[in-house]
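Heads up, the thing below is written out as structure tokens.
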Amino acid sequence: MAGLARSVLVTGSNRGIGLELVRQLAASPQPPQHIFATCRDAAGPRGKALQELAAQHPNIKLIQLADTVDLPSIRGAVQAVETHLEGQGLNLLINNAGVGSQATLQSVGAQEMLATFAVNVVGPLQVAKEFLPLLEKAAKDAGTEGLSCSRAAIINVSSKVGSIGLCLGVLEAPMYPYRASKAAQNMVTRCLAAELRDKGILCAAIHPGWVKTDMGTEQAPMTVERSMQGILKVLGSLSQETCGAFLDWEGNRLPW
Ligand code: NDP
């Protein structure tokens, strides 16, 4: 994607969707000056694929973020990013880290509901909150009006199965904790969009499709490469009109 943004941060970027996003951003014709790839194990074995990618692209900076639910860990990541940015703001924050849960009405318990909510709802909200000063700085310094990912934006990776509007028929995959957490995450996105629009920060929710990753499993119909090509195109097209929208990887609007 040509010239999407000067600086981009992707959470959960050691595998799956996050890793492919970082890979395609780095390979784009006009790559970002800074690609901050956060990982729970930046220096260890779980971060190996990301370390190898970063070795080929000096603009990829591995950022340790031990847990998107843990405030000191997020604050440590903010500090590291701030140091790299040398006074500039952060243009684009992509809250990608998430966990799945297949629990049904029969098997679901409080612990699994709470654990899934922590990562999928509390995590993205806290990360957005802590990176807000850097996003505000980018929005202010952009020297342009209007909303876009190249100015300042928060993108939450959501899921179609979190759509309340689409959840009327037979439930093929009940996934109570996952569906409910993504519906709640969507409300966080809407609130952020309403609150931050006047500060020049665009917020939107993106559904990547059903993608072959550890979470999506091998049964998924779409490769992560194809989904990310679509998502990067959609991100480049976001504007005032799509601020606060719930879109899929092809740019189609989804019902909340
Ligand atoms: P994966 O399971 O392949 O990867 C999940 C990523 O999130 C990993 O990097 C993981 O890190 C990280 N992560 C999980 N929990 C935490 C945490 N508490 N703190 C920090 N990082 C964490 O999933 P996908 O790549 O498939 O999914 C990425 C996003 O896309 C998720 O938000 C998911 O809900 C969404 N999505 C995926 C779909 C699919 O079909 N794959 C469909 C719709 C939405 P670690 O390796 O350390 O565990």
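Residues in the structure tokens are numbered from 1 in each chain, the chains being A, B, ... in the order shown, and ligands are numbered from 1 in the order shown.
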Pick out the residues sitting within 12 Å of Ala173 (chain A), and hand them over as a JSON list (two decimals) with C-alpha atoms, in the first residue's frame; count only C-alpha atoms, and ignore anything fewer than 3 positions along from it in its own chain.
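Once written, part_34.json looks like this:
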[["chain", "number", "residue", "atom", "x", "y", "z"],
["A", 100, "GLY", "CA", -10.76, -16.64, 20.37],
["A", 101, "SER", "CA", -13.12, -18.76, 22.41],
["A", 102, "GLN", "CA", -15.43, -21.48, 21.17],
["A", 103, "ALA", "CA", -17.42, -21.81, 24.41],
["A", 104, "THR", "CA", -21.09, -22.71, 23.97],
["A", 105, "LEU", "CA", -24.02, -22.01, 26.27],
["A", 161, "VAL", "CA", -19.51, -12.75, 14.36],
["A", 162, "GLY", "CA", -19.62, -9.83, 16.81],
["A", 167, "CYS", "CA", -26.95, -12.62, 14.67],
["A", 169, "GLY", "CA", -30.42, -16.91, 12.34],
["A", 170, "VAL", "CA", -29.22, -20.31, 13.48],
["A", 176, "TYR", "CA", -20.46, -16.76, 23.47],
["A", 177, "PRO", "CA", -17.32, -15.14, 24.94],
["A", 178, "TYR", "CA", -15.81, -14.26, 21.55],
["A", 179, "ARG", "CA", -19.00, -12.91, 19.97]]
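With the cut-off set to 6 Å and only C-alpha atoms and all ligand atoms counted, the residues surrounding ligand 1 are Gly12, Ser13, Asn14, Arg15, Gly16, Ile17, Gly18, Arg40, Asp67, Thr68, Val69, Asn96, Ala97, Gly98, Val99, Val119, Val157, Ser158, Ser159, His207, Pro208, Gly209, Trp210, Val211, Lys212, Thr213, Asp214, Met215 and Gly216 of chain A.
When only C-alpha atoms are used to measure the gap to Leu147 (chain A), the shortest distance among A:Ala43, A:Leu196, A:Leu71, A:Ala54 belongs to A:Leu196.
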DSSP helix (DSSP H, G or I) selection over region 1-235 of chain A, as an MDAnalysis selection string | chainID A and resid 16:27 45:56 71:85 110:141 160:162 176:199 224:235
Restrict the selected residues to C-alpha atoms and save them as an mmCIF file, in the first residue's frame.
data_model
loop_
_atom_site.group_PDB
_atom_site.id
_atom_site.type_symbol
_atom_site.label_atom_id
_atom_site.label_comp_id
_atom_site.auth_asym_id
_atom_site.auth_seq_id
_atom_site.Cartn_x
_atom_site.Cartn_y
_atom_site.Cartn_z
ATOM 1 C CA GLY A 16 -1.279 -14.544 12.007
ATOM 2 C CA ILE A 17 -2.922 -11.348 10.826
ATOM 3 C CA GLY A 18 -0.569 -9.020 12.712
ATOM 4 C CA LEU A 19 2.572 -10.600 11.240
ATOM 5 C CA GLU A 20 1.193 -10.431 7.698
ATOM 6 C CA LEU A 21 0.138 -6.812 8.169
ATOM 7 C CA VAL A 22 3.684 -5.914 9.204
ATOM 8 C CA ARG A 23 5.112 -7.949 6.303
ATOM 9 C CA GLN A 24 2.932 -6.234 3.695
ATOM 10 C CA LEU A 25 3.469 -2.764 5.169
ATOM 11 C CA ALA A 26 7.236 -3.272 5.009
ATOM 12 C CA ALA A 27 7.043 -4.561 1.425
ATOM 13 C CA PRO A 45 11.188 -17.837 20.562
ATOM 14 C CA ARG A 46 7.560 -16.715 20.040
ATOM 15 C CA GLY A 47 8.850 -13.604 18.283
ATOM 16 C CA LYS A 48 11.172 -15.515 15.903
ATOM 17 C CA ALA A 49 9.305 -14.864 12.614
ATOM 18 C CA LEU A 50 9.037 -11.199 13.475
ATOM 19 C CA GLN A 51 12.715 -10.986 14.424
ATOM 20 C CA GLU A 52 13.640 -12.472 11.019
ATOM 21 C CA LEU A 53 11.378 -9.998 9.228
ATOM 22 C CA ALA A 54 12.777 -7.059 11.192
ATOM 23 C CA ALA A 55 16.317 -8.149 10.273
ATOM 24 C CA GLN A 56 15.411 -7.521 6.606
ATOM 25 C CA LEU A 71 -0.936 -1.094 32.083
ATOM 26 C CA PRO A 72 2.786 -0.924 33.032
ATOM 27 C CA SER A 73 3.562 -3.077 30.008
ATOM 28 C CA ILE A 74 1.607 -0.764 27.678
ATOM 29 C CA ARG A 75 3.287 2.265 29.215
ATOM 30 C CA GLY A 76 6.692 0.680 28.591
ATOM 31 C CA ALA A 77 5.725 0.213 24.946
ATOM 32 C CA VAL A 78 4.572 3.851 24.680
ATOM 33 C CA GLN A 79 7.944 4.993 26.019
ATOM 34 C CA ALA A 80 9.856 2.836 23.533
ATOM 35 C CA VAL A 81 7.761 4.112 20.626
ATOM 36 C CA GLU A 82 8.147 7.717 21.759
ATOM 37 C CA THR A 83 11.930 7.328 21.789
ATOM 38 C CA HIS A 84 11.941 6.041 18.200
ATOM 39 C CA LEU A 85 9.578 8.796 17.023
ATOM 40 C CA ALA A 110 -17.463 -16.766 34.069
ATOM 41 C CA GLN A 111 -13.707 -17.207 33.885
ATOM 42 C CA GLU A 112 -13.666 -17.680 30.119
ATOM 43 C CA MET A 113 -16.071 -14.763 29.563
ATOM 44 C CA LEU A 114 -13.916 -12.474 31.685
ATOM 45 C CA ALA A 115 -10.600 -13.609 30.177
ATOM 46 C CA THR A 116 -11.885 -13.061 26.632
ATOM 47 C CA PHE A 117 -13.302 -9.644 27.517
ATOM 48 C CA ALA A 118 -10.013 -8.654 29.108
ATOM 49 C CA VAL A 119 -7.996 -9.239 25.936
ATOM 50 C CA ASN A 120 -10.576 -8.266 23.290
ATOM 51 C CA VAL A 121 -12.218 -5.273 24.981
ATOM 52 C CA VAL A 122 -10.088 -3.942 27.840
ATOM 53 C CA GLY A 123 -6.842 -4.432 25.886
ATOM 54 C CA PRO A 124 -7.678 -2.324 22.818
ATOM 55 C CA LEU A 125 -9.274 0.382 24.976
ATOM 56 C CA GLN A 126 -6.244 0.662 27.252
ATOM 57 C CA VAL A 127 -3.804 0.621 24.351
ATOM 58 C CA ALA A 128 -5.798 3.386 22.608
ATOM 59 C CA LYS A 129 -5.931 5.405 25.807
ATOM 60 C CA GLU A 130 -2.192 5.195 26.472
ATOM 61 C CA PHE A 131 -1.162 5.959 22.877
ATOM 62 C CA LEU A 132 -3.663 8.828 22.614
ATOM 63 C CA PRO A 133 -1.163 11.648 23.301
ATOM 64 C CA LEU A 134 1.034 10.397 20.429
ATOM 65 C CA LEU A 135 -1.989 10.087 18.117
ATOM 66 C CA GLU A 136 -3.164 13.576 19.078
ATOM 67 C CA LYS A 137 0.285 14.900 18.303
ATOM 68 C CA ALA A 138 0.212 13.297 14.844
ATOM 69 C CA ALA A 139 -3.269 14.723 14.175
ATOM 70 C CA LYS A 140 -2.163 18.220 15.209
ATOM 71 C CA ASP A 141 1.149 18.186 13.339
ATOM 72 C CA LYS A 160 -18.420 -10.217 11.724
ATOM 73 C CA VAL A 161 -19.511 -12.750 14.361
ATOM 74 C CA GLY A 162 -19.621 -9.832 16.810
ATOM 75 C CA TYR A 176 -20.461 -16.763 23.472
ATOM 76 C CA PRO A 177 -17.318 -15.137 24.941
ATOM 77 C CA TYR A 178 -15.807 -14.256 21.553
ATOM 78 C CA ARG A 179 -19.004 -12.905 19.967
ATOM 79 C CA ALA A 180 -19.942 -10.862 23.029
ATOM 80 C CA SER A 181 -16.414 -9.480 23.386
ATOM 81 C CA LYS A 182 -16.281 -8.340 19.759
ATOM 82 C CA ALA A 183 -19.726 -6.709 20.093
ATOM 83 C CA ALA A 184 -18.407 -4.840 23.142
ATOM 84 C CA GLN A 185 -15.210 -3.943 21.308
ATOM 85 C CA ASN A 186 -17.378 -2.507 18.531
ATOM 86 C CA MET A 187 -19.058 -0.197 21.029
ATOM 87 C CA VAL A 188 -15.639 0.914 22.236
ATOM 88 C CA THR A 189 -14.792 1.743 18.602
ATOM 89 C CA ARG A 190 -18.006 3.775 18.193
ATOM 90 C CA CYS A 191 -17.386 5.694 21.408
ATOM 91 C CA LEU A 192 -13.797 6.433 20.432
ATOM 92 C CA ALA A 193 -14.923 7.552 16.965
ATOM 93 C CA ALA A 194 -17.495 9.942 18.423
ATOM 94 C CA GLU A 195 -15.080 11.333 21.001
ATOM 95 C CA LEU A 196 -11.930 11.641 18.905
ATOM 96 C CA ARG A 197 -13.351 12.803 15.554
ATOM 97 C CA ASP A 198 -13.052 16.474 16.573
ATOM 98 C CA LYS A 199 -9.424 15.895 17.529
ATOM 99 C CA VAL A 224 -3.931 -14.191 5.401
ATOM 100 C CA GLU A 225 -2.091 -12.646 2.401
ATOM 101 C CA ARG A 226 -5.329 -11.967 0.512
ATOM 102 C CA SER A 227 -7.140 -10.619 3.554
ATOM 103 C CA MET A 228 -4.317 -8.208 4.384
ATOM 104 C CA GLN A 229 -4.095 -6.963 0.778
ATOM 105 C CA GLY A 230 -7.762 -6.052 1.104
ATOM 106 C CA ILE A 231 -7.405 -4.512 4.536
ATOM 107 C CA LEU A 232 -4.500 -2.279 3.526
ATOM 108 C CA LYS A 233 -6.516 -1.046 0.549
ATOM 109 C CA VAL A 234 -9.492 -0.306 2.807
ATOM 110 C CA LEU A 235 -7.287 1.495 5.348
#
Identify, on the basis of only C-alpha atoms, every residue whose closest approach to Gln64 (chain A) does not exceed 6 Å; exclude the query and any residue fewer than 2 positions from it along the same chain; express the result as a PDB file with all heavy atoms, in the first residue's frame.
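Just written: selection.pdb:
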ATOM      1  N   THR A  38       4.367  -4.861  17.888  1.00  0.00           N
ATOM      2  CA  THR A  38       4.417  -5.282  19.290  1.00  0.00           C
ATOM      3  C   THR A  38       4.202  -6.788  19.410  1.00  0.00           C
ATOM      4  O   THR A  38       3.517  -7.404  18.607  1.00  0.00           O
ATOM      5  CB  THR A  38       3.430  -4.523  20.208  1.00  0.00           C
ATOM      6  OG1 THR A  38       2.158  -5.150  20.161  1.00  0.00           O
ATOM      7  CG2 THR A  38       3.340  -3.053  19.878  1.00  0.00           C
ATOM      8  N   CYS A  39       4.838  -7.316  20.444  1.00  0.00           N
ATOM      9  CA  CYS A  39       4.883  -8.764  20.620  1.00  0.00           C
ATOM     10  C   CYS A  39       5.051  -9.044  22.105  1.00  0.00           C
ATOM     11  O   CYS A  39       5.715  -8.287  22.814  1.00  0.00           O
ATOM     12  CB  CYS A  39       6.093  -9.254  19.815  1.00  0.00           C
ATOM     13  SG  CYS A  39       6.455 -10.982  19.983  1.00  0.00           S
ATOM     14  N   ARG A  40       4.421 -10.148  22.580  1.00  0.00           N
ATOM     15  CA  ARG A  40       4.540 -10.469  24.006  1.00  0.00           C
ATOM     16  C   ARG A  40       5.915 -11.008  24.352  1.00  0.00           C
ATOM     17  O   ARG A  40       6.287 -11.048  25.505  1.00  0.00           O
ATOM     18  CB  ARG A  40       3.491 -11.527  24.374  1.00  0.00           C
ATOM     19  CG  ARG A  40       2.103 -10.985  24.330  1.00  0.00           C
ATOM     20  CD  ARG A  40       1.185 -11.797  25.172  1.00  0.00           C
ATOM     21  NE  ARG A  40       0.611 -12.911  24.447  1.00  0.00           N
ATOM     22  CZ  ARG A  40      -0.450 -13.575  24.872  1.00  0.00           C
ATOM     23  NH1 ARG A  40      -1.005 -13.247  26.010  1.00  0.00           N
ATOM     24  NH2 ARG A  40      -0.939 -14.554  24.169  1.00  0.00           N
ATOM     25  N   ALA A  42       9.102 -10.315  22.433  1.00  0.00           N
ATOM     26  CA  ALA A  42       9.850  -9.708  21.322  1.00  0.00           C
ATOM     27  C   ALA A  42      11.228 -10.330  21.121  1.00  0.00           C
ATOM     28  O   ALA A  42      11.676 -10.503  19.985  1.00  0.00           O
ATOM     29  CB  ALA A  42       9.965  -8.207  21.543  1.00  0.00           C
TER      30      ALA A  42
END
Measure the distance from CA of Ser163 (chain A) to CA of Thr217 (chain A) in Å and round it to one decimal.
-> 20.7 Å
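Separating CA of Asn252 (chain A) from CA of Ser150 (chain A) is a distance of 20.8 Å.
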From a DSSP pass on the backbone, collect the residues of region 23-202 of chain A flagged as strand (DSSP E or B) and hand them back as a PyMOL selection string.
-> chain A and resi 34-39+60-64+92-95+153-157+202
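Of the residues under consideration (A:Leu238, A:Leu92, A:Cys243, A:Ile60), A:Leu92 shows the shortest atom-to-atom contact distance to Arg151 (chain A) when counting only C-alpha atoms.
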So how many Å separate CA of His57 (chain A) and CA of Ala142 (chain A), to one decimal?
->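 For CA of His57 (chain A) relative to CA of Ala142 (chain A), the distance reads 25.4 Å.
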